[in-house]
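Please read the structure below before turning to the comments.
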Amino acid sequence: MAMDRSHMALSQVTPQVTSNLQQQTRSTPWLARRHTPYTKTPKSRRLTCKATRRIPRTARSRTVTSRVNELVGKTWRVYSVSPLHSFTSTRSHLRNYSRHLSAYLEAERHKGGIAVDVQSEFGEKASFNLMHGIALTEEDAEAIEITVRSRSQNGSKDGKIVFTGILCSVEYDGVNIDKENFVALPVFLVKGTAAVTRHVIAWLKIQFDCRINMMRFPPMELAWMVSMWSGLISDDENSDVAVVRFPSLELMYSVPEEVKGLKSITMTVKAGDAKLLWDSVHDQDSDDFTEEEMESFILGLEAHFFAHFKINLAAMTLCRITSSAAFIGAEGRVKILSEKHVHQVLRHFTKLVTESRPLK
Amino acid sequence: MSDQQKNPNCKNWTVFKLSQTSDKNGKQETAEYSVLEDSLRQQLAVFFRHDLDSRPQGESLWFRLHIHGIGVQVSTSDVIYMVYHPHSSYIITSAIKVTYKDYVLQAVLTSLKCTQLKELQLRGKNLKSLADMTLYQQCQGSFSQYRLNQADCNPLGRKKTIKRKDSSPDALRSRLTYENLQDKKARICKTEETFGTSQQPTLERLTFQLKTRFRGQHHIPAMVGHHSPIHCTVKFEGHSVIEGIKHLGTCGLASLPLPSHLANVHSLAKNTISLAEKS
């Protein structure tokens, strides 16, 4: 009898009912693995941008000056941004946004939200500008630069910059985004005072109905980044700060608190040797860096360390890495060391933001 | 100077070794601090205008040297502190400006009647630890129990017969059972054999320069035939690095026994060490 009932229940599930159920499942914002707090480790990651064969965006963009070099050599905080609702990057709209943000900051300053110091007592002035050279393909939205200046005392136009933020996207492949109403600029690089940063982010959330969260880089992601980018050594002697000042590869591990007295262990490998290890691990014909290659690279270095010191680095937490492309801290700080690698770094951050979002 | 003597850990100190004394017996001439001060003042007067004060503290002599720079304002970089232990071959100085360094060291060399002064690769903030590591280089680690008079109990002292409760953290957690208790005790025992039970000298940084063959071939098989050295630098940082290395063993984060260049770091009297392949 029970079997008959279940048999009947199954037969009552018509194709129409099935498709309704499927639609319901598809429409839920939660992943099937929603109770798992961790994202899946990808099997491989692309090393270079697809558009390094740089597809020019428009005829006009060939004539504008690229401002990519302004990102190099500065320490940025990285934030992830959900798609911005009703954001337009025309000149008139950007001027409006500038006015609104300036008014908002002025109101916050009068409320006492922003500390008043001698230089900023004459108020803050915000401006929104397009930043050319960062977006690579037609699908990427043009990067937006937000600056907040304090008015100088002698009445001149340009005061001290107290906040710089860059909303950008490189090879964004987020699916199911309503392009008519939303603009995807998932990476927000921020450099500024804590108070002004907090208020600018609050304004952006209100104005464009978006979520902005500080990005943290767990040890697994840091391991990916250092493994992928250790092979990117410039042979050009005249070029970059990275070749002169920074080693190719640096891994900093923080020691657990129960080990009193020791705070961190830093392992630095010379540029040429890191490249040699990278070449030994990576398949030169492939543009993808696989999970096996990443594991081999990191475990090889940890084994080399263990052979000399008998200390298990795997038991420590990787908290900071330096490669020829960038210096990255687990707390979300990044310093891009080379102009040649700006797009690779930003493309990777764009990918990380996309992977961390639940799919529709 | 008394402030500096009370709080010596605010400055970065460097250790120098004096060698090749002119005395025929190989021992340094004994010098009273007033005699030494006069001699040093005379030597320094040849190079620059200065003020020199000296004061004994315990077994050491402190010198405060202020070099008169251009202008009236006193800059902290123009003030140098030197700590000298008589009958020893070491002198510890605070940071010396590059422009003054050669002259100051020459004056020290001449005053102490030595022929060579070598900067050791030993720097730190804890003056007492630096002095201990250089002066008692041969009695660190487990041998420190003899230096600190911990080996023999006082024969005239009364034996305490009252048994006290074991208040160690392990005993207090009576509901916890350690499956690897023997292993834990073995690790503690091995660590105490190497480092002793006393507090380790305080070093803020320990640096190893490695020029050795790659040892991770198991994970990177393509490196098996590769014999040229890999250049690596490893830095240990913390408020007391040697103490931290000692705890790595007891916490199970390191395999015991530790290699000799880590286990004996308290006796090496340096915090920059080079490791290379045996030729």
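Chain lettering (A, B, ...) mirrors the order of the structure tokens, residue numbering begins at 1 for each chain separately, and ligand numbering begins at 1 in order of display.
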Chain B residues near chain A (8 Å cut-off, only C-alpha atoms) as a short mmCIF file (atom, residue, chain, number, x, y, z; two decimals) with N, CA and C atoms, in the first residue's frame:
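The result, stored in iface_3.cif:
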```
data_model
loop_
_atom_site.label_atom_id
_atom_site.label_comp_id
_atom_site.auth_asym_id
_atom_site.auth_seq_id
_atom_site.Cartn_x
_atom_site.Cartn_y
_atom_site.Cartn_z
N PHE B 214 68.58 22.71 -4.06
CA PHE B 214 67.15 22.64 -3.80
C PHE B 214 66.82 21.28 -3.18
N ARG B 215 66.08 21.32 -2.06
CA ARG B 215 65.79 20.10 -1.31
C ARG B 215 64.33 19.64 -1.44
N GLY B 216 63.57 20.26 -2.33
CA GLY B 216 62.16 19.88 -2.45
C GLY B 216 61.90 19.07 -3.72
N GLN B 217 62.88 18.24 -4.13
CA GLN B 217 62.75 17.52 -5.42
C GLN B 217 61.57 16.55 -5.42
N HIS B 218 61.20 16.14 -4.22
CA HIS B 218 60.08 15.20 -4.14
C HIS B 218 58.81 15.81 -4.74
N HIS B 219 58.65 17.13 -4.56
CA HIS B 219 57.46 17.81 -5.08
C HIS B 219 57.70 18.40 -6.46
N ILE B 220 58.96 18.70 -6.79
CA ILE B 220 59.28 19.25 -8.12
C ILE B 220 60.31 18.32 -8.75
N ALA B 222 61.36 17.82 -11.64
CA ALA B 222 62.21 18.40 -12.69
C ALA B 222 63.49 19.00 -12.13
N MET B 223 63.55 19.23 -10.83
CA MET B 223 64.74 19.82 -10.21
C MET B 223 65.74 18.77 -9.73
N ILE B 230 70.35 27.35 -4.67
CA ILE B 230 69.19 28.25 -4.66
C ILE B 230 69.47 29.29 -3.57
N HIS B 231 69.35 30.56 -3.92
CA HIS B 231 69.64 31.63 -2.97
C HIS B 231 68.36 32.02 -2.23
N CYS B 232 68.43 31.83 -0.93
CA CYS B 232 67.24 32.06 -0.10
C CYS B 232 67.64 32.88 1.12
N THR B 233 66.71 33.69 1.61
CA THR B 233 66.93 34.36 2.90
C THR B 233 65.74 34.03 3.78
N VAL B 234 66.02 33.60 4.99
CA VAL B 234 64.94 33.28 5.93
C VAL B 234 65.09 34.17 7.14
N LYS B 235 63.99 34.83 7.51
CA LYS B 235 64.04 35.73 8.67
C LYS B 235 63.04 35.25 9.71
N PHE B 236 63.52 35.14 10.93
CA PHE B 236 62.64 34.87 12.07
C PHE B 236 62.50 36.17 12.84
N GLU B 237 61.28 36.60 13.08
CA GLU B 237 61.07 37.87 13.78
C GLU B 237 60.07 37.71 14.91
N GLY B 238 60.33 38.45 15.98
CA GLY B 238 59.43 38.41 17.13
C GLY B 238 60.09 39.14 18.28
N HIS B 239 59.46 39.20 19.44
CA HIS B 239 60.08 39.93 20.54
C HIS B 239 61.16 39.11 21.23
N SER B 240 61.14 37.78 21.07
CA SER B 240 62.24 36.95 21.59
C SER B 240 62.33 35.70 20.73
N VAL B 241 63.13 35.80 19.68
CA VAL B 241 63.12 34.78 18.63
C VAL B 241 63.64 33.43 19.15
N ILE B 242 64.69 33.45 19.95
CA ILE B 242 65.28 32.17 20.41
C ILE B 242 64.28 31.44 21.31
N GLU B 243 63.57 32.20 22.12
CA GLU B 243 62.54 31.60 22.98
C GLU B 243 61.45 30.99 22.10
N GLY B 244 61.10 31.69 21.02
CA GLY B 244 60.08 31.19 20.10
C GLY B 244 60.52 29.90 19.42
N ILE B 245 61.79 29.85 19.03
CA ILE B 245 62.30 28.63 18.37
C ILE B 245 62.27 27.46 19.35
N HIS B 247 60.07 27.07 21.68
CA HIS B 247 58.67 26.63 21.83
C HIS B 247 58.14 25.92 20.60
N LEU B 248 58.77 26.13 19.46
CA LEU B 248 58.31 25.43 18.25
C LEU B 248 58.41 23.92 18.45
N CYS B 251 55.69 22.75 21.00
CA CYS B 251 54.32 22.85 20.46
C CYS B 251 54.08 21.88 19.31
N LEU B 253 55.40 22.05 16.29
CA LEU B 253 55.48 22.65 14.95
C LEU B 253 56.83 22.42 14.29
N ALA B 254 57.74 21.84 15.04
CA ALA B 254 59.06 21.52 14.49
C ALA B 254 59.40 20.08 14.86
N SER B 255 60.16 19.43 13.99
CA SER B 255 60.58 18.06 14.27
C SER B 255 61.87 18.11 15.07
N LEU B 256 61.89 17.38 16.16
CA LEU B 256 63.10 17.36 16.99
C LEU B 256 63.96 16.14 16.64
N LEU B 258 66.24 19.69 16.56
CA LEU B 258 66.41 20.79 15.62
C LEU B 258 67.83 20.73 15.05
N PRO B 259 68.04 21.24 13.84
CA PRO B 259 69.40 21.26 13.30
C PRO B 259 70.30 22.16 14.16
N LEU B 262 70.12 25.98 14.39
CA LEU B 262 68.98 26.55 15.13
C LEU B 262 69.11 26.24 16.62
#
```
Q | Residue contacts of Phe87 in chain A (8 Å, only C-alpha atoms) excluding same-chain residues fewer than 3 positions away, as a PyMOL selection string | A | chain A and resi 84+181-183+208
**Message:** Need to verify the contact set: Asn129 in chain A, 8 Å, only C-alpha atoms, exclusion of same-chain residues closer than 4 positions in sequence. Can you return it as a ChimeraX atom specification?
**Reply:** /A:94,144-146
Running DSSP on the backbone, which parts of range 62-250 of chain B land in strand (DSSP E), as a compact mmCIF listing (two decimals) with N, CA and C atoms, in the first residue's frame?
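Result file result-v1.txt:
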```
# COMPACT_ATOMS: atom_id res chain seq x y z
N TRP B 62 79.85 52.54 31.21
CA TRP B 62 79.06 53.24 30.20
C TRP B 62 79.77 54.53 29.84
N PHE B 63 79.79 54.83 28.51
CA PHE B 63 80.32 56.11 28.04
C PHE B 63 79.23 56.79 27.22
N ARG B 64 79.07 58.07 27.48
CA ARG B 64 78.14 58.86 26.67
C ARG B 64 78.96 59.90 25.93
N LEU B 65 78.92 59.82 24.60
CA LEU B 65 79.71 60.72 23.78
C LEU B 65 78.76 61.61 22.98
N HIS B 66 78.89 62.91 23.18
CA HIS B 66 78.11 63.84 22.37
C HIS B 66 79.06 64.60 21.46
N ILE B 67 78.89 64.43 20.16
CA ILE B 67 79.75 65.12 19.19
C ILE B 67 79.07 66.41 18.79
N VAL B 79 74.61 61.72 19.50
CA VAL B 79 74.91 61.18 20.84
C VAL B 79 75.11 59.67 20.70
N ILE B 80 76.23 59.20 21.21
CA ILE B 80 76.58 57.78 21.08
C ILE B 80 76.82 57.21 22.48
N TYR B 81 76.23 56.05 22.73
CA TYR B 81 76.48 55.35 24.00
C TYR B 81 77.35 54.13 23.73
N MET B 82 78.31 53.92 24.61
CA MET B 82 79.20 52.75 24.47
C MET B 82 79.25 52.03 25.81
N VAL B 83 79.13 50.73 25.74
CA VAL B 83 79.15 49.92 26.97
C VAL B 83 80.32 48.95 26.85
N TYR B 84 81.21 49.04 27.80
CA TYR B 84 82.42 48.21 27.74
C TYR B 84 82.52 47.39 29.02
N TYR B 90 84.94 42.71 24.08
CA TYR B 90 83.76 43.20 23.37
C TYR B 90 83.40 44.59 23.84
N ILE B 91 82.89 45.36 22.90
CA ILE B 91 82.32 46.65 23.26
C ILE B 91 81.01 46.78 22.47
N ILE B 92 80.00 47.31 23.14
CA ILE B 92 78.67 47.41 22.52
C ILE B 92 78.33 48.89 22.38
N THR B 93 77.95 49.28 21.17
CA THR B 93 77.66 50.70 20.95
C THR B 93 76.26 50.87 20.40
N CYS B 114 94.16 48.23 21.52
CA CYS B 114 93.96 47.06 20.66
C CYS B 114 94.38 47.44 19.25
N THR B 115 94.54 46.40 18.44
CA THR B 115 94.99 46.69 17.07
C THR B 115 93.89 46.43 16.04
N GLN B 116 92.85 45.75 16.46
CA GLN B 116 91.79 45.48 15.49
C GLN B 116 90.43 45.51 16.16
N LEU B 117 89.49 46.07 15.44
CA LEU B 117 88.12 46.14 15.96
C LEU B 117 87.21 45.64 14.84
N LYS B 118 86.45 44.59 15.15
CA LYS B 118 85.62 43.99 14.09
C LYS B 118 84.15 44.05 14.51
N GLU B 119 83.31 44.46 13.58
CA GLU B 119 81.87 44.51 13.88
C GLU B 119 81.29 43.11 13.73
N LEU B 120 80.67 42.62 14.79
CA LEU B 120 80.04 41.29 14.73
C LEU B 120 78.67 41.40 14.09
N GLN B 121 78.20 40.29 13.56
CA GLN B 121 76.84 40.28 12.98
C GLN B 121 75.84 40.01 14.10
N LEU B 122 75.91 40.89 15.10
CA LEU B 122 75.02 40.72 16.24
C LEU B 122 74.47 42.07 16.61
N ARG B 123 73.17 42.22 16.40
CA ARG B 123 72.51 43.48 16.71
C ARG B 123 71.19 43.20 17.40
N GLY B 124 70.76 44.14 18.20
CA GLY B 124 69.48 43.96 18.85
C GLY B 124 69.17 45.12 19.76
N ARG B 205 65.49 39.57 15.91
CA ARG B 205 65.53 39.11 14.54
C ARG B 205 66.66 38.12 14.36
N LEU B 206 66.40 37.10 13.57
CA LEU B 206 67.43 36.12 13.24
C LEU B 206 67.34 35.88 11.73
N THR B 207 68.47 36.03 11.03
CA THR B 207 68.45 35.93 9.56
C THR B 207 69.40 34.84 9.12
N PHE B 208 68.92 33.98 8.21
CA PHE B 208 69.76 32.94 7.63
C PHE B 208 69.88 33.20 6.13
N GLN B 209 71.10 33.19 5.62
CA GLN B 209 71.33 33.31 4.18
C GLN B 209 71.66 31.90 3.68
N LEU B 210 70.82 31.38 2.83
CA LEU B 210 71.02 30.01 2.35
C LEU B 210 71.53 30.01 0.92
N LYS B 211 72.57 29.21 0.70
CA LYS B 211 73.05 29.00 -0.69
C LYS B 211 73.24 27.49 -0.83
N THR B 212 72.15 26.80 -0.95
CA THR B 212 72.22 25.33 -0.95
C THR B 212 71.41 24.79 -2.11
N ILE B 230 70.35 27.35 -4.67
CA ILE B 230 69.19 28.25 -4.66
C ILE B 230 69.47 29.29 -3.57
N HIS B 231 69.35 30.56 -3.92
CA HIS B 231 69.64 31.63 -2.97
C HIS B 231 68.36 32.02 -2.23
N CYS B 232 68.43 31.83 -0.93
CA CYS B 232 67.24 32.06 -0.10
C CYS B 232 67.64 32.88 1.12
N THR B 233 66.71 33.69 1.61
CA THR B 233 66.93 34.36 2.90
C THR B 233 65.74 34.03 3.78
N VAL B 234 66.02 33.60 4.99
CA VAL B 234 64.94 33.28 5.93
C VAL B 234 65.09 34.17 7.14
N LYS B 235 63.99 34.83 7.51
CA LYS B 235 64.04 35.73 8.67
C LYS B 235 63.04 35.25 9.71
N PHE B 236 63.52 35.14 10.93
CA PHE B 236 62.64 34.87 12.07
C PHE B 236 62.50 36.17 12.84
N GLU B 237 61.28 36.60 13.08
CA GLU B 237 61.07 37.87 13.78
C GLU B 237 60.07 37.71 14.91
```
Practice item. Apply DSSP to the backbone of this structure and, from range 66-312 of chain A, keep only the residues in alpha helix (DSSP H); write these as a ChimeraX atom specification. Key: /A:91-111,194-208,219-229,241-245,271-281,291-309
* To do: Write out as a list in words the residues lying within 8 Å of Ser89 in chain B, counting only C-alpha atoms and excluding same-chain residues fewer than 2 positions away.
  => Lys17, Leu18, Ser19, His85, His87 and Ile91 of chain B
Tell me, as a CSV table (one decimal) with N, CA and C atoms, in the first residue's frame, which residues lie within 12 Å of Ile201 in chain A, counting only C-alpha atoms; anything in the same chain fewer than 4 positions away does not count.
```
chain,number,residue,atom,x,y,z
A,79,TYR,N,38.5,46.4,-2.2
A,79,TYR,CA,37.1,46.2,-1.8
A,79,TYR,C,36.4,45.5,-3.0
A,80,SER,N,35.4,44.6,-2.6
A,80,SER,CA,34.6,44.0,-3.7
A,80,SER,C,33.3,44.8,-3.8
A,81,VAL,N,32.8,45.0,-5.0
A,81,VAL,CA,31.6,45.8,-5.2
A,81,VAL,C,30.6,45.0,-6.0
A,101,LEU,N,28.2,63.8,-3.8
A,101,LEU,CA,29.1,63.3,-2.8
A,101,LEU,C,29.7,64.4,-2.0
A,104,TYR,N,27.2,65.5,0.5
A,104,TYR,CA,27.1,64.4,1.5
A,104,TYR,C,28.2,64.5,2.5
A,105,LEU,N,29.5,64.7,2.0
A,105,LEU,CA,30.6,64.8,2.9
A,105,LEU,C,30.6,66.1,3.7
A,146,ILE,N,37.5,58.3,-8.2
A,146,ILE,CA,36.8,59.2,-7.3
A,146,ILE,C,37.9,59.8,-6.4
A,163,PHE,N,41.5,61.3,-0.3
A,163,PHE,CA,40.9,60.0,-0.7
A,163,PHE,C,41.0,59.8,-2.2
A,164,THR,N,41.4,58.6,-2.6
A,164,THR,CA,41.4,58.3,-4.0
A,164,THR,C,40.8,56.9,-4.1
A,165,GLY,N,39.8,56.7,-4.9
A,165,GLY,CA,39.2,55.4,-5.1
A,165,GLY,C,39.1,55.1,-6.6
A,166,ILE,N,39.3,53.9,-7.0
A,166,ILE,CA,39.2,53.5,-8.4
A,166,ILE,C,38.3,52.3,-8.5
A,167,LEU,N,37.2,52.5,-9.2
A,167,LEU,CA,36.2,51.4,-9.5
A,167,LEU,C,36.6,50.9,-10.8
A,188,PHE,N,37.3,47.7,-6.2
A,188,PHE,CA,37.4,49.1,-5.8
A,188,PHE,C,38.7,49.2,-5.0
A,189,LEU,N,39.7,50.0,-5.6
A,189,LEU,CA,40.9,50.2,-5.0
A,189,LEU,C,40.9,51.5,-4.2
A,190,VAL,N,41.2,51.5,-3.0
A,190,VAL,CA,41.0,52.7,-2.1
A,190,VAL,C,42.3,53.1,-1.4
A,192,GLY,N,43.2,56.3,1.2
A,192,GLY,CA,42.7,57.5,1.9
A,192,GLY,C,42.5,57.4,3.4
A,194,ALA,N,40.7,57.0,7.0
A,194,ALA,CA,39.7,56.0,7.4
A,194,ALA,C,38.3,56.6,7.4
A,195,ALA,N,38.2,57.9,7.9
A,195,ALA,CA,36.9,58.5,8.1
A,195,ALA,C,36.3,58.8,6.7
A,196,VAL,N,37.1,59.4,5.8
A,196,VAL,CA,36.6,59.8,4.5
A,196,VAL,C,36.2,58.5,3.7
A,197,THR,N,37.0,57.5,3.8
A,197,THR,CA,36.8,56.2,3.2
A,197,THR,C,35.4,55.6,3.6
A,205,LYS,N,27.0,53.0,-1.4
A,205,LYS,CA,26.0,52.0,-1.1
A,205,LYS,C,24.6,52.5,-1.2
A,206,ILE,N,24.4,53.7,-0.7
A,206,ILE,CA,23.1,54.3,-0.7
A,206,ILE,C,22.7,54.7,-2.1
A,207,GLN,N,23.7,55.4,-2.8
A,207,GLN,CA,23.4,56.0,-4.1
A,207,GLN,C,23.1,54.9,-5.2
A,208,PHE,N,23.9,53.8,-5.1
A,208,PHE,CA,23.8,52.9,-6.2
A,208,PHE,C,23.3,51.5,-5.8
A,209,ASP,N,22.8,51.5,-4.5
A,209,ASP,CA,22.2,50.2,-4.0
A,209,ASP,C,23.1,49.0,-4.2
A,210,CYS,N,24.3,49.2,-3.7
A,210,CYS,CA,25.2,48.1,-3.9
A,210,CYS,C,25.8,47.6,-2.6
A,211,ARG,N,26.5,46.5,-2.6
A,211,ARG,CA,27.3,46.0,-1.4
A,211,ARG,C,28.8,46.2,-1.7
A,212,ILE,N,29.4,46.8,-0.7
A,212,ILE,CA,30.9,47.0,-0.8
A,212,ILE,C,31.5,46.4,0.4
A,213,ASN,N,32.3,45.4,0.2
A,213,ASN,CA,33.0,44.7,1.3
A,213,ASN,C,34.5,44.7,1.1
A,214,MET,N,35.2,44.7,2.3
A,214,MET,CA,36.6,44.7,2.2
A,214,MET,C,37.0,43.3,1.8
```
>> List as a PyMOL selection string the protein and nucleic acid residues near range 30-43 of chain B, meaning an atom at most 7 Å away when only C-alpha atoms are counted, but skip any in the same chain fewer than 5 places from it.
In response: chain B and resi 52+54+61+87+107-108+111
